[in-house]
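**Q** Quick one: this structure, given as structure tokens, is what I'll be asking you about.
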Amino acid sequence: MPAVEGLFTPDEDEPRLIGGRVPGTESYFFPKHLGGADPRVGPVELEEVLLSRRGRVWSYTTSHYPPPPPFVVTTEPYEPITIAAVELEVEKMVVLGQCVAGVTPEDLEVGMEMELTTDTLYRDDDRDYLVWKWRPVTAAEPGD
Amino acid sequence: MDEIAVLGAGMHPWGKWGRNFTEYGVAAARDALADAGVDYSAVGFVSGAVTVRCGYPGYVAGSTFARALGFTGAQLASSYSACASGATALQVARGQILSGACDVALVVGADTTPKGFLAPNEGDRPDDLDWLRFHLVGATNPVYFGLHARRRMDLYGATTDDFAMVKVKNSRHGAHNPNARFTKEYGLDDVRNSPVVSDPLRLLDICATSDGGAALVVSSMEWARDRGHRDPVRVAGISTVSPTYPDPVIDLPYLAADSLAGSTSATVGFKESIGARAYTEAGLGPADIDVAEVYDLSSAMELDWYEQLGFCAAGEAERLLRDGDTAIGGRLPVNPSGGLGAFGEAVPAQAIAQVCELVWQLRGTAGARQVDGARVGITVNQGLFGHGSSVILRR
């Protein structure tokens with residue numbers, strides 16, 4: 001199950017971020033209920049939209065030290081995580097996410113194509129808690 | 001905008017003292033009152049900058065400081081706007097003075113910070129972006145600094161040595177500051193050999209969190225003149241603007257920036273807009289600035305500010321740094337105090353501390369850190385949730 005409900009569809013093959021949009025416009029928000037508002041339009045109810053799965057790296061970095069709670073450290077010793085900010089193809093909106101395990105800054109460059117996937121953020125005795133992550137789009141990937 | 005006078009500036013030294021934040025605020029306030037030669041009984045308004053890490057007394061900082069100094073019936077306010085809190089407290093005081101509600105105000109900020117990363121409030125808080133960014137992404141503050149530093153390398157060809165040179169420069173400045181926490185002069189190799197925190201930034205590129213306190217005594221120009229202050233340092237502009245939608249740059253603590261899909265016109269950058277508002281209020285521009293205190297949460301961020309304050313065009317900040325323009329003795333010294341690199345951040349005190357340094361610089365009393373002939377100075381700062389501030393002072 002998603003670590004936090006309502007932010008992405010936990011579809012194994014083609015997960016999508018759940019965003020908001022001002023109906024009839026191209027003003028998108030993520031998360032839908034926490035992404036702000038477009039002051040150029042009047043008060044409107046945002047419609048729920050699934051955001052594009054692909055985008056290009058805007059920037060990237062790492063956390064070489066374990067982030068404090070509420071982050072859950074799952075590796076012992078802690079393995080640095082890589083984090084990418086990716087500009088979504090359609091929405092032209094930069095979205096943060098961890099990169100899948102094994103991706104380091106050496107593997108990334110600004111402008112590189114990325115796609116959304118899901119991964120386990122942490123697990124307890126009962127289940128896995130999922131989050132969205134970014135992974136580089138590689139030409140050799142089956143199904144692409 | 002009408003001006004107010006800064007009659008006194010005071011600080012409690014930055015460090016990791018681990019004591020009650022009230023102590024630092026009171027020490028700074030007494031220091032500022034003594035510096036101003038103003039009796040505490042003349043203060044009609046106490047403007048506190050809030051700390052959210054010290055419990056209820058921190059939320060009502062104006063009251064906490066006033067009571068510790070002794071309640072006099074002065075009016076109170078407590079302001080929180082993340083790292084910009086100190087500038088907001090100054091702005092509130094200015095409003096009180098210019099509206100005629102008081103003649104003299106005391107502005108105080110102080111903090112006691114925990115060790116390590118600043119972290120969100122406890123509990124399960126899925127509607128709090130500050131909680132979500134830590135929980136889902138592990139996006140600490142340095143993660144955002146790292147993203148912007150990498151972007152600078154990609155867009156402008158900055159190098160990690162450029163970032164390290166900012167630290168080296170500021171540590172030279174800070175070595176002469178008795179209020180700074182870190183007074184060691186660092187060399188390039190010290191920075192290069194410090195551990196990576198958030199690639200491409202290393203430990204010595206990133207500011208620590210500190211304890212400290214800073215205070216200002218401000219008054220109407222008339223009150224100052226009546227008491228013989230012929231040429232006081234004046235507050236010429238204060239900016240606490242919010243971003244303008246759509247802002248395509250991702251910043252603390254958001255998971256996403258604004259969408260540009262539906263926008264055809266160029267957007268105003270948030271950080272550019274912070275200084276722009278202060279310049280407009282003051283009727284001044286970048287060419288008028290003699291000295292600047294900018295928020296170097298990371299060494300790379302100092303370079304961004306050179307451009308965002310209009311000191312040079314985009315992509316030229318590294319040249320300014322390499323040419324020595326922004327070192328004391330250069331054309332436009334930046335962070336003569338040593339900046340956050342030498343202080344570490346004491347959130348509600350920091351924007352006030354920036355103003356304190358400029359007060360001393362413009363008075364010509366900054367000692368070994370003195371920027372010769374400084375008449376106009378600007379501060380700039382940035383915090384979470386769309387907060388930022390800039391203050392312009394002049395003689």
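Residues are referred to by chain and number: the chain letter is A, B, ... according to the order shown in the structure tokens, the number counts from 1 in that chain, and ligands are numbered separately from 1 in the order shown.
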Quick check: residues of chain B within 6 Å of chain A, only C-alpha atoms, returned as a list in words.
**A**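 Using only C-alpha atoms, chain B residues at most 6 Å from chain A: Phe134, His135, Val137, Gly138, Gly146, Leu147, Arg151, Val197, Ser198, Asp199, Leu255, Ala256, Ala257, Asp258, Ser259, Leu260, Ala261 and Gly262 of chain B.
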**Q** Counting only C-alpha atoms, what is within 8 Å of Met112 (chain A), bar same-chain residues fewer than 2 positions away, as a ChimeraX atom specification?
**A** /A:56-57,108-110,114,136
**Q** Store the residues picked out above in a file with N, CA and C atoms, as a CSV table (one decimal), in the first residue's frame.
**A**
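Produced file again.csv, reproduced below:
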chain,number,residue,atom,x,y,z
A,56,ARG,N,12.1,15.1,-17.6
A,56,ARG,CA,13.5,15.3,-17.8
A,56,ARG,C,14.2,15.9,-16.5
A,57,VAL,N,15.4,15.4,-16.2
A,57,VAL,CA,16.0,15.8,-15.0
A,57,VAL,C,16.3,17.3,-15.0
A,108,LEU,N,23.5,10.3,-13.7
A,108,LEU,CA,22.5,11.3,-14.1
A,108,LEU,C,23.1,12.5,-14.7
A,109,GLU,N,22.3,13.2,-15.5
A,109,GLU,CA,22.7,14.6,-16.0
A,109,GLU,C,21.4,15.3,-16.2
A,110,VAL,N,21.6,16.7,-16.1
A,110,VAL,CA,20.4,17.5,-16.3
A,110,VAL,C,19.9,17.3,-17.8
A,114,MET,N,13.6,10.6,-17.6
A,114,MET,CA,13.3,9.7,-16.4
A,114,MET,C,11.9,9.3,-16.5
A,136,PRO,N,16.0,6.2,-14.5
A,136,PRO,CA,16.4,6.6,-15.9
A,136,PRO,C,15.7,5.8,-16.9
**Q** Show which residues sit within 10 Å of region 95-101 of chain B, as a PyMOL selection string. Count only C-alpha atoms, and ignore same-chain residues fewer than 5 positions away.
**A** chain B and resi 1-4+44-45+47+75+89-90+218-221
**Q** Run DSSP on the backbone and grab whatever in region 156-200 of chain B lands in helix (DSSP H, G or I); send it over as a list in words.
**A**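 Filtering region 156-200 of chain B down to helix (DSSP H, G or I) leaves Tyr156, Thr160, Asp161, Asp162, Phe163, Ala164, Met165, Val166, Lys167, Val168, Lys169, Asn170, Ser171, Arg172, His173, Gly174, Leu188, Asp189, Asp190, Val191 and Arg192 of chain B.
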**Q** Can you write out the residues you just picked, keeping C-alpha atoms, as a PDB file, in the first residue's frame?
**A**
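After the write, selection_7.pdb holds the following:
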ATOM      1  CA  TYR B 156      26.861  28.092 -15.716  1.00  0.00           C
ATOM      2  CA  THR B 160      32.933  22.616  -6.618  1.00  0.00           C
ATOM      3  CA  ASP B 161      36.085  24.691  -6.097  1.00  0.00           C
ATOM      4  CA  ASP B 162      34.060  27.841  -6.785  1.00  0.00           C
ATOM      5  CA  PHE B 163      31.705  26.814  -3.998  1.00  0.00           C
ATOM      6  CA  ALA B 164      34.660  26.028  -1.735  1.00  0.00           C
ATOM      7  CA  MET B 165      36.153  29.472  -2.468  1.00  0.00           C
ATOM      8  CA  VAL B 166      33.009  31.090  -1.049  1.00  0.00           C
ATOM      9  CA  LYS B 167      33.607  29.215   2.188  1.00  0.00           C
ATOM     10  CA  VAL B 168      37.282  30.154   2.195  1.00  0.00           C
ATOM     11  CA  LYS B 169      36.448  33.846   1.653  1.00  0.00           C
ATOM     12  CA  ASN B 170      33.738  33.933   4.312  1.00  0.00           C
ATOM     13  CA  SER B 171      35.887  32.113   6.853  1.00  0.00           C
ATOM     14  CA  ARG B 172      38.555  34.800   6.374  1.00  0.00           C
ATOM     15  CA  HIS B 173      35.909  37.418   7.117  1.00  0.00           C
ATOM     16  CA  GLY B 174      34.443  35.539  10.044  1.00  0.00           C
ATOM     17  CA  LEU B 188      40.407  24.969  -0.269  1.00  0.00           C
ATOM     18  CA  ASP B 189      41.673  21.565   0.803  1.00  0.00           C
ATOM     19  CA  ASP B 190      39.705  21.707   4.048  1.00  0.00           C
ATOM     20  CA  VAL B 191      36.502  22.050   2.044  1.00  0.00           C
ATOM     21  CA  ARG B 192      37.553  19.531  -0.613  1.00  0.00           C
TER      22      ARG B 192
END
**Q** Please, what distance in Å, to one decimal, runs between CA of Gly377 (chain B) and CA of Gly269 (chain B)?
**A**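 Atom-to-atom, CA of Gly377 (chain B) to CA of Gly269 (chain B), that is 22.0 Å.
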**Q** Which of these residues is nearest to Asp128 (chain A), using only C-alpha atoms: A:Pro77, A:Gly19, A:Pro2, A:Gly55?
**A**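 So, comparing all the options, the nearest one is A:Pro2.
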**Q** Return as a VMD selection string the full set of residues in region 318-395 of chain B whose backbone-based DSSP assignment is strand (DSSP E or B).
**A** chain B and resid 334 345 376 to 382 388 to 394
**Q** Calculated over only C-alpha atoms, which of the candidates B:Gly344, B:Gly386, B:Gly48, B:Gly283 has the smallest distance to Gly116 (chain B)?
**A** B:Gly344
**Q** Mind checking which residues fall within 6 Å of region 349-366 of chain B, counting only C-alpha atoms, ignoring those fewer than 3 positions away in the same chain, and posting them as number ranges by chain?
**A** B: 9, 86-87, 109-110, 213-214, 293, 346, 369-370, 374-375
